[in-house]
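**Q** This is upload22.txt, which holds compact mmCIF, C-alpha atoms and all ligand atoms:
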```
# COMPACT_ATOMS: atom_id res chain seq x y z
CA MET Y 1 31.14 41.73 -68.18
CA THR Y 2 32.94 40.38 -71.22
CA HIS Y 3 32.70 40.97 -74.94
CA GLN Y 4 33.67 37.36 -75.63
CA TYR Y 5 30.26 36.05 -76.58
CA GLU Y 6 29.35 32.38 -76.80
CA ALA Y 7 26.55 30.78 -78.77
CA SER Y 8 25.12 28.54 -76.04
CA GLU Y 9 21.90 29.15 -74.10
CA ASP Y 10 23.89 28.75 -70.87
CA PHE Y 11 25.93 31.78 -71.86
CA ALA Y 12 22.77 33.92 -72.22
CA ILE Y 13 21.55 32.78 -68.81
CA ALA Y 14 24.94 33.46 -67.24
CA MET Y 15 24.96 36.98 -68.74
CA ASP Y 16 21.53 37.64 -67.24
CA ASN Y 17 22.70 36.38 -63.88
CA ARG Y 18 25.60 38.83 -63.98
CA ASP Y 19 23.54 41.77 -65.29
CA PRO Y 20 23.30 44.54 -62.67
CA LEU Y 21 20.19 45.92 -64.41
CA ALA Y 22 18.36 42.57 -64.69
CA ARG Y 23 15.91 43.39 -61.90
CA TYR Y 24 14.38 46.29 -63.86
CA ARG Y 25 12.76 43.79 -66.23
CA GLU Y 26 10.28 42.96 -63.47
CA GLN Y 27 9.18 46.58 -63.34
CA PHE Y 28 7.49 46.32 -66.77
CA TYR Y 29 4.41 44.57 -68.13
CA PHE Y 30 5.13 42.25 -71.06
CA PRO Y 31 2.42 41.16 -73.49
CA CYS Y 32 1.80 37.41 -73.16
CA THR Y 33 1.00 34.67 -75.66
CA THR Y 34 -2.33 32.82 -75.46
CA ASP Y 35 -0.47 30.18 -73.40
CA GLY Y 36 0.32 32.87 -70.86
CA GLU Y 37 4.02 32.90 -71.77
CA ARG Y 38 5.85 36.24 -71.76
CA CYS Y 39 6.39 37.48 -75.32
CA ILE Y 40 9.85 38.21 -76.68
CA TYR Y 41 9.41 41.93 -77.09
CA LEU Y 42 12.18 43.60 -79.12
CA CYS Y 43 10.02 46.54 -80.21
CA GLY Y 44 10.90 49.33 -77.80
CA HIS Y 45 12.09 51.42 -80.76
CA SER Y 46 8.42 51.64 -81.73
CA LEU Y 47 6.43 51.52 -78.48
CA GLY Y 48 8.11 51.01 -75.13
CA LEU Y 49 6.54 48.70 -72.53
CA GLN Y 50 4.40 49.91 -69.66
CA PRO Y 51 6.15 50.41 -66.32
CA LYS Y 52 4.09 48.74 -63.60
CA THR Y 53 4.14 51.99 -61.61
CA VAL Y 54 2.29 53.97 -64.31
CA ARG Y 55 -1.15 53.06 -63.00
CA ASP Y 56 -0.35 54.42 -59.56
CA TYR Y 57 1.07 57.70 -60.90
CA VAL Y 58 -1.99 58.23 -63.10
CA GLU Y 59 -4.43 57.17 -60.39
CA GLN Y 60 -2.98 59.76 -58.03
CA GLU Y 61 -3.95 62.50 -60.48
CA LEU Y 62 -7.37 60.94 -61.11
CA ALA Y 63 -7.88 60.95 -57.34
CA ALA Y 64 -6.75 64.58 -57.14
CA TRP Y 65 -9.21 65.51 -59.87
CA ALA Y 66 -12.01 63.69 -58.03
CA GLU Y 67 -11.11 65.34 -54.76
CA PHE Y 68 -10.28 68.87 -55.86
CA GLY Y 69 -11.98 69.52 -59.21
CA VAL Y 70 -10.70 72.79 -60.63
CA GLU Y 71 -8.87 73.58 -57.39
CA GLY Y 72 -6.41 70.81 -58.29
CA HIS Y 73 -4.60 73.28 -60.53
CA PHE Y 74 -3.30 74.98 -57.40
CA HIS Y 75 -4.12 72.74 -54.44
CA ALA Y 76 -3.58 69.14 -55.48
CA ARG Y 77 -0.67 67.42 -53.73
CA ARG Y 78 1.23 68.09 -56.93
CA PRO Y 79 -0.53 71.17 -58.33
CA TRP Y 80 -1.25 70.89 -62.05
CA VAL Y 81 -0.23 74.40 -63.10
CA PRO Y 82 3.48 73.70 -62.52
CA TYR Y 83 3.10 69.88 -62.91
CA HIS Y 84 5.15 69.68 -66.13
CA ARG Y 85 8.16 70.96 -64.17
CA LEU Y 86 8.26 67.68 -62.26
CA LEU Y 87 9.83 66.37 -65.47
CA THR Y 88 12.20 69.23 -66.20
CA GLU Y 89 15.27 68.21 -64.23
CA GLN Y 90 15.14 64.57 -65.36
CA THR Y 91 14.53 65.54 -68.97
CA ALA Y 92 17.45 67.96 -68.91
CA THR Y 93 19.70 65.25 -67.44
CA LEU Y 94 18.52 62.69 -69.99
CA ILE Y 95 19.43 64.80 -73.00
CA GLY Y 96 22.32 66.75 -71.50
CA ALA Y 97 20.74 70.18 -71.39
CA LYS Y 98 20.15 72.98 -68.92
CA ALA Y 99 16.79 72.99 -67.17
CA ASP Y 100 15.47 76.07 -68.92
CA GLU Y 101 16.42 74.65 -72.34
CA VAL Y 102 13.83 71.84 -72.17
CA VAL Y 103 10.10 71.47 -71.93
CA VAL Y 104 7.66 68.57 -72.34
CA MET Y 105 4.72 69.58 -74.49
CA ASN Y 106 2.52 68.58 -77.46
CA SER Y 107 3.64 65.78 -79.76
CA LEU Y 108 6.77 65.42 -81.85
CA THR Y 109 5.55 66.66 -85.23
CA VAL Y 110 3.72 69.57 -83.60
CA ASN Y 111 6.92 70.58 -81.83
CA LEU Y 112 8.86 70.25 -85.07
CA HIS Y 113 6.49 72.69 -86.76
CA LEU Y 114 6.67 75.11 -83.82
CA MET Y 115 10.46 75.02 -83.99
CA MET Y 116 10.48 75.58 -87.75
CA VAL Y 117 8.14 78.55 -87.39
CA SER Y 118 10.81 80.15 -85.25
CA PHE Y 119 14.03 78.72 -86.68
CA TYR Y 120 13.41 78.28 -90.38
CA ARG Y 121 14.07 81.86 -91.47
CA PRO Y 122 14.71 81.70 -95.20
CA THR Y 123 16.20 84.58 -97.17
CA PRO Y 124 16.50 84.86 -100.98
CA GLN Y 125 20.15 83.68 -100.77
CA ARG Y 126 19.66 81.09 -98.06
CA ARG Y 127 16.38 79.23 -98.19
CA LYS Y 128 17.13 75.50 -98.43
CA ILE Y 129 16.39 72.79 -95.88
CA LEU Y 130 18.74 69.81 -95.62
CA ILE Y 131 17.17 66.51 -94.55
CA GLU Y 132 17.76 62.80 -95.10
CA ARG Y 133 15.93 61.33 -98.07
CA GLY Y 134 15.25 58.41 -95.71
CA ALA Y 135 13.99 60.61 -92.87
CA PHE Y 136 10.79 59.53 -91.12
CA PRO Y 137 7.92 60.55 -93.43
CA SER Y 138 6.38 62.93 -90.88
CA ASP Y 139 9.62 64.96 -90.91
CA GLN Y 140 9.59 64.96 -94.70
CA TYR Y 141 5.95 66.13 -94.75
CA ALA Y 142 6.66 68.77 -92.11
CA VAL Y 143 9.63 70.32 -93.92
CA LYS Y 144 7.93 70.20 -97.33
CA SER Y 145 4.82 71.85 -95.92
CA GLN Y 146 6.99 74.54 -94.32
CA LEU Y 147 8.65 75.16 -97.69
CA HIS Y 148 5.24 75.46 -99.35
CA PHE Y 149 4.08 77.73 -96.55
CA HIS Y 150 6.98 80.09 -97.34
CA GLY Y 151 6.22 79.92 -101.07
CA PHE Y 152 9.12 77.63 -102.07
CA ASP Y 153 9.13 74.54 -104.21
CA PRO Y 154 10.66 71.49 -102.47
CA ALA Y 155 12.04 70.42 -105.86
CA SER Y 156 14.53 73.29 -105.68
CA SER Y 157 14.58 74.10 -101.95
CA LEU Y 158 14.88 70.69 -100.33
CA LEU Y 159 18.33 69.13 -100.21
CA GLU Y 160 18.26 65.42 -99.47
CA LEU Y 161 21.07 63.27 -98.12
CA SER Y 162 21.21 59.73 -99.44
CA PRO Y 163 23.48 56.75 -99.01
CA ARG Y 164 25.83 56.06 -101.91
CA PRO Y 165 24.49 53.65 -104.54
CA GLY Y 166 24.51 50.11 -103.19
CA GLU Y 167 24.90 51.31 -99.58
CA PHE Y 168 22.27 51.64 -96.85
CA CYS Y 169 23.74 54.21 -94.47
CA VAL Y 170 24.79 57.78 -95.14
CA ARG Y 171 28.53 58.33 -94.75
CA ASP Y 172 29.63 60.97 -92.26
CA GLU Y 173 32.07 62.40 -94.79
CA ASP Y 174 29.24 62.82 -97.32
CA ILE Y 175 27.23 64.86 -94.80
CA GLU Y 176 30.24 67.01 -94.09
CA SER Y 177 31.08 67.61 -97.74
CA LEU Y 178 27.46 68.42 -98.65
CA ILE Y 179 27.30 70.99 -95.86
CA ALA Y 180 30.66 72.43 -96.91
CA LYS Y 181 29.54 72.66 -100.56
CA GLU Y 182 25.93 73.83 -100.14
CA GLY Y 183 26.05 75.40 -96.68
CA ASN Y 184 25.78 79.00 -97.89
CA SER Y 185 22.37 78.28 -99.40
CA ILE Y 186 21.05 76.17 -96.48
CA ALA Y 187 18.79 77.90 -93.95
CA LEU Y 188 18.05 74.81 -91.86
CA ILE Y 189 19.69 71.43 -91.33
CA LEU Y 190 17.16 69.02 -89.85
CA LEU Y 191 18.51 65.55 -89.18
CA GLY Y 192 17.43 62.62 -87.06
CA GLY Y 193 19.88 61.38 -84.44
CA VAL Y 194 19.28 57.73 -85.34
CA ASN Y 195 17.70 56.76 -88.64
CA TYR Y 196 14.44 54.93 -88.02
CA VAL Y 197 15.00 52.30 -90.75
CA THR Y 198 18.71 51.55 -90.64
CA GLY Y 199 19.39 52.29 -86.96
CA GLN Y 200 22.41 54.40 -87.99
CA ALA Y 201 23.44 56.96 -85.36
CA PHE Y 202 24.71 60.26 -86.72
CA ASP Y 203 27.63 62.34 -85.53
CA LEU Y 204 25.47 65.03 -83.95
CA PRO Y 205 28.24 67.26 -82.56
CA GLY Y 206 30.04 67.11 -85.92
CA ILE Y 207 26.87 68.05 -87.82
CA ALA Y 208 26.06 70.94 -85.45
CA GLU Y 209 29.57 72.27 -85.80
CA ALA Y 210 29.74 71.90 -89.58
CA GLY Y 211 26.32 73.54 -89.98
CA HIS Y 212 27.06 76.47 -87.73
CA ARG Y 213 30.43 77.03 -89.41
CA LYS Y 214 28.43 77.70 -92.57
CA GLY Y 215 25.85 79.89 -90.82
CA CYS Y 216 23.00 77.34 -90.98
CA VAL Y 217 20.44 76.75 -88.24
CA VAL Y 218 20.68 73.17 -86.94
CA GLY Y 219 17.81 71.11 -85.50
CA PHE Y 220 17.68 67.44 -84.50
CA ASP Y 221 14.87 64.91 -84.36
CA LEU Y 222 15.86 62.72 -81.41
CA ALA Y 223 12.86 60.35 -81.54
CA HIS Y 224 15.10 57.28 -81.80
CA VAL Y 225 17.80 58.65 -79.52
CA ALA Y 226 16.08 59.84 -76.34
CA GLY Y 227 16.45 57.05 -73.79
CA ASN Y 228 18.61 55.07 -76.24
CA LEU Y 229 21.93 56.94 -76.40
CA PRO Y 230 23.55 59.37 -73.95
CA LEU Y 231 23.28 62.93 -75.21
CA ARG Y 232 25.07 66.22 -74.49
CA VAL Y 233 22.78 68.44 -76.50
CA HIS Y 234 23.63 71.73 -74.81
CA GLU Y 235 27.35 71.24 -75.39
CA TRP Y 236 26.87 70.05 -78.98
CA GLY Y 237 24.95 73.23 -79.59
CA PRO Y 238 22.10 72.61 -82.05
CA ASP Y 239 19.58 75.44 -82.11
CA PHE Y 240 16.69 73.13 -81.29
CA ALA Y 241 15.77 69.47 -80.89
CA VAL Y 242 12.53 67.53 -80.60
CA TRP Y 243 11.69 63.97 -79.58
CA CYS Y 244 8.82 61.72 -78.58
CA SER Y 245 8.45 59.76 -75.36
CA TYR Y 246 6.60 56.63 -76.41
CA LYS Y 247 9.59 54.69 -77.79
CA TYR Y 248 12.62 54.13 -75.54
CA LEU Y 249 11.11 56.46 -72.92
CA ASN Y 250 8.06 54.23 -72.29
CA GLY Y 251 5.63 57.13 -71.80
CA GLY Y 252 2.75 55.23 -73.46
CA PRO Y 253 1.04 55.47 -76.85
CA GLY Y 254 0.95 59.04 -78.18
CA CYS Y 255 2.46 60.38 -74.95
CA ILE Y 256 3.54 64.00 -74.61
CA ALA Y 257 6.78 64.92 -76.43
CA GLY Y 258 9.93 66.89 -75.65
CA CYS Y 259 11.53 70.03 -76.99
CA PHE Y 260 14.95 71.66 -76.54
CA VAL Y 261 15.81 75.26 -77.41
CA HIS Y 262 19.43 76.23 -76.92
CA GLU Y 263 19.96 78.92 -74.28
CA ARG Y 264 21.41 81.27 -76.88
CA HIS Y 265 17.78 81.67 -78.04
CA SER Y 266 16.25 81.77 -74.57
CA ARG Y 267 14.96 85.31 -74.92
CA ALA Y 268 14.74 85.37 -78.70
CA ALA Y 269 12.45 88.37 -78.82
CA GLU Y 270 13.31 88.80 -82.50
CA LEU Y 271 12.13 85.31 -83.47
CA PRO Y 272 8.58 84.86 -84.68
CA ARG Y 273 6.68 82.14 -82.90
CA PHE Y 274 3.20 80.69 -82.80
CA ALA Y 275 2.05 81.61 -79.33
CA GLY Y 276 -0.41 80.26 -76.77
CA TRP Y 277 -1.25 81.19 -73.22
CA TRP Y 278 0.92 78.53 -71.59
CA GLY Y 279 4.02 80.16 -73.11
CA HIS Y 280 3.01 83.54 -71.66
CA GLU Y 281 4.97 84.87 -68.69
CA GLU Y 282 3.62 82.71 -65.87
CA ASN Y 283 3.55 85.38 -63.18
CA ILE Y 284 1.02 87.37 -65.16
CA ARG Y 285 -0.64 84.52 -67.08
CA PHE Y 286 -3.85 84.68 -65.10
CA GLN Y 287 -4.18 88.44 -65.56
CA MET Y 288 -5.53 87.40 -68.96
CA ASP Y 289 -3.86 90.25 -70.81
CA SER Y 290 -4.22 90.03 -74.58
CA GLU Y 291 -0.58 91.01 -75.30
CA PHE Y 292 1.68 87.94 -75.44
CA GLN Y 293 4.85 88.10 -73.37
CA PRO Y 294 6.87 84.88 -73.79
CA MET Y 295 8.51 83.12 -70.90
CA CYS Y 296 12.25 82.86 -71.03
CA GLY Y 297 13.66 79.56 -72.32
CA ALA Y 298 11.98 76.57 -73.94
CA GLU Y 299 8.82 77.01 -71.86
CA GLY Y 300 8.08 80.15 -73.86
CA TRP Y 301 7.12 77.91 -76.81
CA GLN Y 302 4.32 76.14 -74.91
CA LEU Y 303 0.84 76.59 -76.30
CA SER Y 304 -1.67 74.88 -74.06
CA ASN Y 305 -2.05 73.67 -70.52
CA PRO Y 306 -0.61 70.16 -70.73
CA PRO Y 307 -2.33 66.75 -70.35
CA ILE Y 308 -1.65 65.88 -66.70
CA LEU Y 309 -2.48 62.18 -67.10
CA GLU Y 310 0.15 61.79 -69.83
CA LEU Y 311 2.67 63.70 -67.78
CA ALA Y 312 1.93 61.40 -64.85
CA ALA Y 313 2.55 58.32 -67.00
CA LEU Y 314 5.80 59.77 -68.27
CA ARG Y 315 6.94 60.57 -64.73
CA ALA Y 316 6.66 56.89 -63.82
CA SER Y 317 9.09 55.97 -66.56
CA MET Y 318 11.43 58.93 -66.11
CA ASP Y 319 11.80 58.08 -62.42
CA ILE Y 320 13.14 54.68 -63.50
CA PHE Y 321 15.52 56.24 -66.04
CA HIS Y 322 16.74 58.64 -63.43
CA GLU Y 323 17.40 55.82 -60.98
CA VAL Y 324 19.29 53.68 -63.51
CA GLY Y 325 21.19 56.41 -65.39
CA MET Y 326 21.81 56.57 -69.13
CA GLU Y 327 25.49 55.60 -68.81
CA HIS Y 328 24.58 52.27 -67.21
CA LEU Y 329 21.84 51.66 -69.75
CA ARG Y 330 24.17 52.38 -72.62
CA ALA Y 331 26.84 50.04 -71.25
CA LYS Y 332 24.31 47.19 -71.15
CA SER Y 333 22.82 48.21 -74.48
CA LYS Y 334 26.17 47.87 -76.24
CA LEU Y 335 26.58 44.37 -74.82
CA LEU Y 336 23.03 43.32 -75.61
CA THR Y 337 22.98 44.58 -79.19
CA GLY Y 338 26.51 43.25 -79.75
CA TYR Y 339 25.26 39.86 -78.55
CA LEU Y 340 22.34 39.98 -80.99
CA GLU Y 341 24.77 40.81 -83.79
CA PHE Y 342 27.07 37.93 -82.73
CA LEU Y 343 24.24 35.38 -82.71
CA LEU Y 344 22.91 36.58 -86.07
CA ASP Y 345 26.40 36.28 -87.55
CA GLN Y 346 26.53 32.68 -86.28
CA ARG Y 347 23.37 31.99 -88.27
CA SER Y 348 24.44 33.95 -91.31
CA SER Y 349 22.39 33.18 -94.40
CA PRO Y 350 21.91 34.71 -97.85
CA LYS Y 351 18.28 35.24 -96.81
CA PHE Y 352 19.08 38.24 -94.62
CA SER Y 353 21.74 40.88 -94.12
CA LEU Y 354 22.47 43.42 -91.42
CA ILE Y 355 22.17 47.02 -92.65
CA THR Y 356 22.89 48.77 -89.35
CA PRO Y 357 26.50 49.93 -88.89
CA ARG Y 358 28.66 47.38 -87.10
CA GLU Y 359 30.58 49.97 -85.08
CA PRO Y 360 28.81 50.29 -81.69
CA ASN Y 361 29.34 54.06 -81.72
CA ARG Y 362 27.38 54.39 -84.96
CA ARG Y 363 24.21 52.75 -83.66
CA GLY Y 364 21.95 52.48 -80.62
CA ALA Y 365 19.96 49.46 -79.47
CA GLN Y 366 18.34 48.69 -82.84
CA LEU Y 367 19.58 46.30 -85.50
CA SER Y 368 17.89 46.30 -88.90
CA LEU Y 369 17.83 43.21 -91.04
CA ARG Y 370 17.19 43.32 -94.73
CA LEU Y 371 15.06 40.40 -95.90
CA PRO Y 372 14.43 40.97 -99.59
CA HIS Y 373 12.28 37.86 -100.09
CA GLY Y 374 9.28 37.02 -97.94
CA GLY Y 375 10.51 39.01 -94.97
CA HIS Y 376 7.14 40.45 -94.09
CA SER Y 377 5.65 37.00 -93.65
CA VAL Y 378 8.58 35.98 -91.44
CA CYS Y 379 7.90 39.04 -89.29
CA ARG Y 380 4.15 38.21 -89.16
CA ALA Y 381 4.79 34.58 -88.28
CA LEU Y 382 7.10 35.67 -85.46
CA ALA Y 383 4.50 38.10 -84.13
CA ASN Y 384 1.87 35.32 -84.20
CA ALA Y 385 4.23 33.27 -82.07
CA GLY Y 386 4.70 36.15 -79.60
CA VAL Y 387 8.05 37.42 -80.94
CA PHE Y 388 7.99 41.13 -81.69
CA GLY Y 389 10.22 43.26 -83.86
CA ASP Y 390 8.58 45.31 -86.61
CA TRP Y 391 8.50 45.56 -90.36
CA ARG Y 392 9.27 48.58 -92.51
CA GLU Y 393 8.48 48.36 -96.20
CA PRO Y 394 9.92 47.32 -98.53
CA ASP Y 395 12.33 44.89 -96.92
CA THR Y 396 13.47 45.78 -93.40
CA PHE Y 397 12.89 43.95 -90.14
CA ARG Y 398 13.80 46.11 -87.14
CA VAL Y 399 14.64 44.63 -83.76
CA ALA Y 400 15.78 46.47 -80.67
CA PRO Y 401 16.79 44.75 -77.45
CA VAL Y 402 16.09 47.43 -74.84
CA PRO Y 403 18.53 47.37 -71.92
CA LEU Y 404 15.93 48.45 -69.37
CA TYR Y 405 13.72 45.37 -69.78
CA ASN Y 406 15.18 42.92 -72.29
CA SER Y 407 17.41 40.06 -71.26
CA PHE Y 408 20.21 38.20 -72.99
CA HIS Y 409 17.90 35.20 -72.93
CA ASP Y 410 15.28 37.20 -74.90
CA VAL Y 411 17.92 37.83 -77.54
CA TYR Y 412 18.98 34.19 -77.57
CA ARG Y 413 15.40 32.96 -77.97
CA PHE Y 414 14.68 35.57 -80.63
CA VAL Y 415 17.56 34.37 -82.81
CA GLN Y 416 16.52 30.73 -82.31
CA ARG Y 417 12.97 31.45 -83.50
CA PHE Y 418 14.04 33.78 -86.28
CA SER Y 419 16.52 31.36 -87.80
CA ALA Y 420 14.14 28.41 -87.42
CA LEU Y 421 11.54 30.34 -89.43
CA LEU Y 422 14.08 31.30 -92.09
CA ASP Y 423 15.10 27.65 -92.45
C1 LIG Y 501 11.97 59.89 -86.39
C2 LIG Y 501 10.51 60.19 -86.18
N1 LIG Y 501 10.07 61.44 -86.42
C3 LIG Y 501 8.76 61.75 -86.27
C4 LIG Y 501 7.83 60.80 -85.86
C5 LIG Y 501 6.39 61.20 -85.73
O1 LIG Y 501 6.01 61.25 -84.40
P1 LIG Y 501 4.60 61.82 -83.89
O2 LIG Y 501 3.53 60.97 -84.49
O3 LIG Y 501 4.68 61.62 -82.42
O4 LIG Y 501 4.51 63.24 -84.29
C6 LIG Y 501 8.26 59.50 -85.59
C7 LIG Y 501 7.31 58.47 -85.15
O5 LIG Y 501 7.60 57.32 -84.97
C8 LIG Y 501 9.64 59.19 -85.78
O6 LIG Y 501 10.09 57.95 -85.56
```
What's the structure tokens form of this structure?
**A**
Amino acid sequence: MTHQYEASEDFAIAMDNRDPLARYREQFYFPCTTDGERCIYLCGHSLGLQPKTVRDYVEQELAAWAEFGVEGHFHARRPWVPYHRLLTEQTATLIGAKADEVVVMNSLTVNLHLMMVSFYRPTPQRRKILIERGAFPSDQYAVKSQLHFHGFDPASSLLELSPRPGEFCVRDEDIESLIAKEGNSIALILLGGVNYVTGQAFDLPGIAEAGHRKGCVVGFDLAHVAGNLPLRVHEWGPDFAVWCSYKYLNGGPGCIAGCFVHERHSRAAELPRFAGWWGHEENIRFQMDSEFQPMCGAEGWQLSNPPILELAALRASMDIFHEVGMEHLRAKSKLLTGYLEFLLDQRSSPKFSLITPREPNRRGAQLSLRLPHGGHSVCRALANAGVFGDWREPDTFRVAPVPLYNSFHDVYRFVQRFSALLD
């Protein structure tokens, strides 16, 4: 494939014809317009599309429930007690971790709190949390509530990273210098891998290294990274990471989330944790002893027996990811998002500007467009015509061509409709 883009529709069609991943598009359901036409869906950064195989995976577990009742925990074709492990290997591969460093459980914000219970260990000298001012609000609420819980005032204990005045993205060198300057007072660095508004990807290995050099605990929110960018989380060495599975991972609305705990904490007997029976040593779990004995590794942070139907839905999608491979997806993603950028540049107008970094290594699939005047109505009008990105107040339109199911022709048609509306 070539990086020499052309503006014609024929070029988009030719790119699709040459795309080795094109056939995966047919494995997903697309919403349709009232005329029955497939929508242009560039919203996988918010909710991924449904793989057509999901129904079958879920129905198998419904059938097992009907057939076995409670016995399904041990005697279903895929017994439910260890069912979550069907996702372990693929999850570890996806984020570049060892199998016992990952677990699928709960939802993202719940996992974030569980991780902070264990890994936010403030002392009088070192109590601050470093976060982006523009972090997803749930992360902001979670860290502020943890500060309150420990008796600290966010006004003095929360350090917030911001872009420089007049800029939209945080500079890597500003992160580094803040950590170097304030590191001795920071207990926890909690940063997202890709910012949800700007689409900026952060230098995760650099942040983990800079934080650890200063003795800080480092955690990542990978909600906008998992299934979007290749990761080598074990090697990069953060203490923990959390992510959701309903965006690029196509697990379905509210689907079960993921959690990584670095192996250096796998026993972590000294760490406090909020415990539940599913984190208890599995060989003796059903002895129903009242003394908690955590399992080794990330599984020791589980609380409850997991929702099998959600796990089944996620398996359908993860099987596709596993078959395709993140490296192949990323190669197409760079081409697809680069093509979107190229076409938008062709239609450049004072009515919108790109706020996502232009360097492919500083972004994933998403491009964010700033439309300071009337942008929300443009976004609404597009949605009414079956063209989906999404709007983030006050002025940002986010669009993400997803390499697993979007085509170059989707991108071409999106830019046609978008610029026609702007005109
Ligand atoms: C970066 C980020 N963090 C946290 C959340 C909250 O996720 P949940 O509602 O699954 O806890 C989201 C949701 O979109 C998000 O994008």
**Q** Against ligand LIG 501 (chain Y), which residues of chain Y fall within 8 Å? For each one I want the closest pair of atoms and the distance in Å (one decimal), counting all atoms listed in the file, rows by chain and increasing residue number, as CSV.
**A**
```
residue,atom,partner,partner_atom,distance
Y:Ser46,CA,Y:LIG501,O5,6.6
Y:Ser107,CA,Y:LIG501,O3,5.0
Y:Leu108,CA,Y:LIG501,O4,4.0
Y:Thr109,CA,Y:LIG501,O4,3.7
Y:Val110,CA,Y:LIG501,O4,6.4
Y:Ala135,CA,Y:LIG501,C1,6.8
Y:Phe136,CA,Y:LIG501,C1,4.9
Y:Pro137,CA,Y:LIG501,C3,7.3
Y:Ser138,CA,Y:LIG501,C3,5.3
Y:Asp139,CA,Y:LIG501,C3,5.7
Y:Gly192,CA,Y:LIG501,C1,6.1
Y:Val194,CA,Y:LIG501,C1,7.7
Y:Asn195,CA,Y:LIG501,C1,6.9
Y:Tyr196,CA,Y:LIG501,C1,5.8
Y:Asp221,CA,Y:LIG501,C1,6.1
Y:Leu222,CA,Y:LIG501,C1,6.9
Y:Ala223,CA,Y:LIG501,C1,5.0
Y:His224,CA,Y:LIG501,C1,6.1
Y:Trp243,CA,Y:LIG501,N1,7.5
Y:Cys244,CA,Y:LIG501,O3,5.6
Y:Lys247,CA,Y:LIG501,O5,7.9
Y:Gly254,CA,Y:LIG501,O3,6.2
Y:Cys255,CA,Y:LIG501,O3,7.9
Y:Ala257,CA,Y:LIG501,O3,7.2
```
**Q** Go through Y:Pro124, Y:Pro165, Y:Pro238, Y:Gly199 one by one, measure the shortest atom-to-atom distance of each to Ala97 of chain Y using all atoms listed in the file, and give the residue with the smallest value.
**A**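 Answer, going by the shortest atom-to-atom distance: Y:Pro238.
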**Q** List the spatial neighbours of segment 379-392 of chain Y as a ChimeraX atom specification - criterion: any atom at most 10 Å away, all atoms listed in the file, same-chain residues fewer than 5 positions off excluded.
**A** /Y:31-34,37-46,196-197,366-371,374,397-401,410,413-414,417-418,421
**Q** How many Å separate atom CA of His262 of chain Y from atom CA of Tyr83 of chain Y?
**A**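 So the two atoms, atom CA of His262 of chain Y and atom CA of Tyr83 of chain Y, lie 22.4 Å apart.
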**Q** Measuring between all atoms listed in the file, which one of Y:Arg85, Y:Lys128, Y:Lys332, Y:His373 shows the shortest distance to Ala22 of chain Y?
**A**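 Checking each of Y:Arg85, Y:Lys128, Y:Lys332, Y:His373 against Ala22 of chain Y, counting all atoms listed in the file, the winner is Y:Lys332.
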**Q** Near segment 185-189 of chain Y, within 9 Å and counting all atoms listed in the file, which residues show up once chain neighbours fewer than 6 positions away are dropped, as a ChimeraX atom specification?
**A** /Y:116,119-131,157,159,179,207-208,211,214-220
**Q** Looking at all atoms listed in the file, which of Y:Ser245, Y:Asn106, Y:Thr91, Y:Gln27 is the one that sits closest to Pro307 of chain Y?
**A**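 So, comparing all the options, the nearest one is Y:Asn106.
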**Q** Using atom CA of His212 of chain Y and atom CA of Ala275 of chain Y as the two end points, give the distance in Å to one decimal.
**A**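 Value for the atom CA of His212 of chain Y-atom CA of Ala275 of chain Y distance: 26.9 Å.
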**Q** Identify, on the basis of all atoms listed in the file, every residue whose closest approach to His265 of chain Y does not exceed 12 Å; exclude the query and any residue fewer than 6 positions from it along the same chain; express the result as a list in words.
**A**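 Near neighbours after the sequence-gap exclusion: Asp100, Glu101, Met115, Ser118, Phe119, Val217, His234, Gly237, Pro238, Asp239, Phe240, Leu271, Pro272, Met295, Cys296, Gly297, Ala298, Glu299, Gly300 and Trp301 of chain Y.
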**Q** Of the candidates Y:Gly325, Y:Gly166, Y:Pro350, Y:Pro372, which one gets nearest to Leu94 of chain Y if we count all atoms listed in the file?
**A**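 Residue with the minimum atom-to-atom distance to Leu94 of chain Y: Y:Gly325.
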**Q** List as a list in words: which residues have an atom within 8 Å of (22.5, 52.5, -70.1), counting only C-alpha atoms?
**A**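 Output of the proximity query reads Asn228, Leu229, Pro230, Val324, Gly325, Met326, Glu327, His328, Leu329, Arg330, Ala331, Lys332, Ser333, Pro403 and Leu404 of chain Y.
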**Q** Those residues you just picked out, can you put them in a file as an mmCIF file, in the coordinates of the input with C-alpha atoms?
**A**
```
data_model
loop_
_atom_site.group_PDB
_atom_site.id
_atom_site.type_symbol
_atom_site.label_atom_id
_atom_site.label_comp_id
_atom_site.auth_asym_id
_atom_site.auth_seq_id
_atom_site.Cartn_x
_atom_site.Cartn_y
_atom_site.Cartn_z
ATOM 1 C CA ASN Y 228 18.610 55.070 -76.240
ATOM 2 C CA LEU Y 229 21.930 56.940 -76.400
ATOM 3 C CA PRO Y 230 23.550 59.370 -73.950
ATOM 4 C CA VAL Y 324 19.290 53.680 -63.510
ATOM 5 C CA GLY Y 325 21.190 56.410 -65.390
ATOM 6 C CA MET Y 326 21.810 56.570 -69.130
ATOM 7 C CA GLU Y 327 25.490 55.600 -68.810
ATOM 8 C CA HIS Y 328 24.580 52.270 -67.210
ATOM 9 C CA LEU Y 329 21.840 51.660 -69.750
ATOM 10 C CA ARG Y 330 24.170 52.380 -72.620
ATOM 11 C CA ALA Y 331 26.840 50.040 -71.250
ATOM 12 C CA LYS Y 332 24.310 47.190 -71.150
ATOM 13 C CA SER Y 333 22.820 48.210 -74.480
ATOM 14 C CA PRO Y 403 18.530 47.370 -71.920
ATOM 15 C CA LEU Y 404 15.930 48.450 -69.370
#
```
